[in-house]
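Heads up: the structure comes next, in C-alpha cells.
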Amino acid sequence: MGKKIFSGVQPTGNLHLGNYLGAIKNFVKLNNDNENDCIFCVVDLHAITVKQNFEELRNNIRETVATFIACGINHEKSIIFNQSAVPAHSEAAWILSCVARMGWLNRMTQFKEKAGKDKERASIGLYSYPILMAADILLYDSSHVPVGEDQKQHLELCRDIAQKFNNDYSVGTFFKAPEPLIQKQFARIMSLKDGTKKMSKSELSDLSRINLTDDKDVMVNKIKKAKTDALPIPGSIDELKKRPEAKNLLGIYSSLMDLTLEKSIYEFEGKNFSEFKSKLSQVLVEKINPISLEIKKLINEKKFLDKILFDGHVKANNIASKKLKKIHEIIGF
C-alpha cells in the first residue's frame with residue numbers, strides 16, 4: 001500500500017548540496033514510486049518568522065519550485081504549491097493552537113537554538129511555528145513525513161496535537177497520526193570548511209557549501225579548497241569518527257554514487273586526498289551540474305513555474321478546504 005507523503009521546504013533561496021542529498025534526492029525517489037501520493041509544499045508562511053524582502057521571497061518561491069523540477073520531481077505526479085495560497089493552513093494552525101499546550105511548545109529545542117539568548121525578542125511565529133507545521137501535515141491526512149533528526153520533535157508534537165484533538169472532540173482517528181520517514185544515511189551534510197557544522201546558507205563563507213546553482217568550475221574549486229587533514233583515507237568507519245572532514249567528503253561521494261560508506265572507504269583506502277578530491281569533483285560535476293543548468297533555465301520560465309504553483313494550489317486547496325469544513329462541523333462553527 002502506498003504512502004501519503006507531505007513535505008515542506010522553506011523558500012530561502014540558494015538551496016545547496018546539503019538540501020539535495022539530505023532531502024530532495026529522497027523526495028525524487030518517493031515521487032517516482034507510483035504507489036505514493038506526494039505533496040511538496042513551499043512553506044512561505046514559515047519563511048516569514050524572520051523578516052523577508054518581498055521581491056526576494058517571490059523569487060525564492062519560484063526558485064524552490066525550479067529546484068524541485070530540475071532535481072527530478074514530476075509535477076504532474078505530485079502536488080507542488082505554496083502554503084500561503086491555501087488559506088486552510090493559517091486557519092487550521094489557529095484552531096490547533098487552541099488544542100496544543102504551552103508546555104509542549106516550551107520543550108521544542110529548535111526554538112531555543114534559533115532564538116538564542118534573546119528569546120524575548122523572537123517572533124511569536126518562530127515560537128508557534130511547529131503548530132503551523134502540524135496543520136500543514138494534518139490537513140492532508142498524511143501518513144508519512146520525511147524529516148531530519150532536527151524536525152523529529154516537531155512531528156512528535158504534531159502527533160500529540162492530533163491525538164488531543166481526536167480525544168477532546170471524541171472523533172476517533174479523524175486526524176491521522178503521521179509517521180516519520182528518517183533518512184538513515186547522509187541526512188546531514190556538513191560544511192566544507194568545518195566537518196562539525198551542518199552545511200548552511202547562513203554560513204558567511206560561500207566556500208563552505210556547494211550551491212545547486214554553482215557552475216562546474218566553482219564546484220571543482222570549492223572541493224579543491226575543502227578542509228581535510230594530512231593523513232591518507234582511512235580503512236574503516238571507526239577511524240573516520242575523529243576525522244569529521246574526511247567523513248563528510250566520503251559521505252558526499254557515497255551519497256552521489258548511491259554507495260555505502262564502507263564501499264567508498266574500500267575504494268579509496270590509503271589514497272591521498274588530492275586523488276580522492278579529483279574523483280569527487282568529477283562525480284559532483286557529473287551529477288549536480290545538469291541540475292544547476294536546469295535550475296538556471298527554469299528560473300527564467302516564470303509563467304511555467306507559476307502555472308505549476310497555480311495547478312498545485314487548486315489541488316491542495318480542494319483537499320485542505322474539505323478537511324477544514326469537517327473541522328468546522330466537529331467544533332460547532
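Simple scheme: letters A, B, ... for chains in C-alpha cells order, numbers from 1 for residues in each chain, numbers from 1 for ligands in the order shown.
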(message) At a cut-off of 7 Å, using only C-alpha atoms, what residues contact Ser78 of chain A? Leave out same-chain residues fewer than 4 positions from it and give the result as a list in words.
(response)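 Listing them by chain and then by number gives Asn31, Asp37, Cys38, Ile39 and Asn74 of chain A.
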(request) Taking the DSSP assignment computed from this structure's backbone, write out as a ChimeraX atom specification all residues of segment 21-209 of chain A that belong to strand (DSSP E). (result) /A:37-42,79-82,144-146,179-181
(request) Give me, please, the distance in Å between atom CA of Gln52 of chain A and atom CA of Asn82 of chain A, quoted to one decimal. (result)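 Computing it gives 15.7 Å between the two atoms.
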(message) Between atom CA of Gly8 of chain A and atom CA of Ala187 of chain A, what is the distance in Å, rounded to a tenth?
(response)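 Between atom CA of Gly8 of chain A and atom CA of Ala187 of chain A the gap is 15.9 Å.
The interatomic distance for the pair atom CA of Leu284 of chain A and atom CA of Val220 of chain A works out to 8.1 Å.
When only C-alpha atoms are used to measure the gap to Tyr140 of chain A, the shortest distance among A:Gly172, A:Leu30, A:Phe40, A:Ala70 belongs to A:Phe40.
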(request) Skip Arg209 of chain A itself and residues of its chain fewer than 3 positions away, then list as a ChimeraX atom specification all residues within 10 Å of it, counting only C-alpha atoms. (result) /A:15-18,189-193,198-201,203,205-206,212,214,219,222-223,226
Convert the current residue selection to file output with C-alpha atoms, as a compact mmCIF listing (two decimals), in the first residue's frame.
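Below is the file that was written, out-v4.txt:
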# COMPACT_ATOMS: atom_id res chain seq x y z
CA LEU A 15 19.44 25.63 -1.98
CA HIS A 16 22.69 23.71 -1.61
CA LEU A 17 24.16 20.22 -1.78
CA GLY A 18 23.10 19.55 1.83
CA ILE A 189 25.87 17.04 5.01
CA MET A 190 28.45 19.15 6.79
CA SER A 191 30.31 22.36 5.92
CA LEU A 192 33.27 22.07 3.56
CA LYS A 193 35.19 24.34 5.97
CA LYS A 198 25.97 21.44 9.14
CA MET A 199 26.22 22.85 5.60
CA SER A 200 24.19 26.03 5.70
CA LYS A 201 23.26 29.04 3.59
CA GLU A 203 27.48 30.46 6.97
CA SER A 205 31.92 31.80 3.56
CA ASP A 206 30.49 30.65 0.24
CA LEU A 212 22.89 23.93 -6.55
CA ASP A 214 27.14 26.86 -8.83
CA MET A 219 32.20 23.33 -7.69
CA LYS A 222 35.28 24.50 -3.67
CA ILE A 223 36.15 20.80 -3.40
CA ALA A 226 37.61 21.92 1.17
(message) Need to verify the contact set: segment 288-290 of chain A, 12 Å, only C-alpha atoms, exclusion of same-chain residues closer than 6 positions in sequence. Can you return it as number ranges by chain?
(response) A: 16-17, 20-21, 25, 67, 69-72, 210-220, 252-253, 256-257, 280-282, 296-297
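Close contacts of Lys4 of chain A, defined as residues with an atom at most 12 Å away when counting only C-alpha atoms, with chain neighbours fewer than 4 positions off set aside, comprise Leu30, Asn31, Asp33, Asn34, Glu35, Asn36, Asp37, Cys38, Ile39, Phe40, Ser78, Ile79, Ile137, Leu138, Leu139, Tyr140, Asp141, Ser142, Ser143, His144, Val145, Pro146, Lys176, Ala177, Pro178, Glu179, Pro180 and Leu181 of chain A.
In terms of minimum interatomic distance to Lys164 of chain A, A:Arg101 ranks closest within A:Arg101, A:Lys225, A:Arg58, A:Lys184, counting only C-alpha atoms.
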(message) Need the shell around segment 319-330 of chain A: protein/DNA/RNA residues with any atom at most 9 Å away, counting only C-alpha atoms. Skip same-chain ones fewer than 3 positions apart. Format as a list in words?
(response) Val86, Pro87, Ala88, His89, Glu91, Ala92, Ile95, Asp136, Leu138, Leu139, Tyr140, Asp141, Tyr169, Val171, Val314, Lys315, Ala316 and Phe333 of chain A
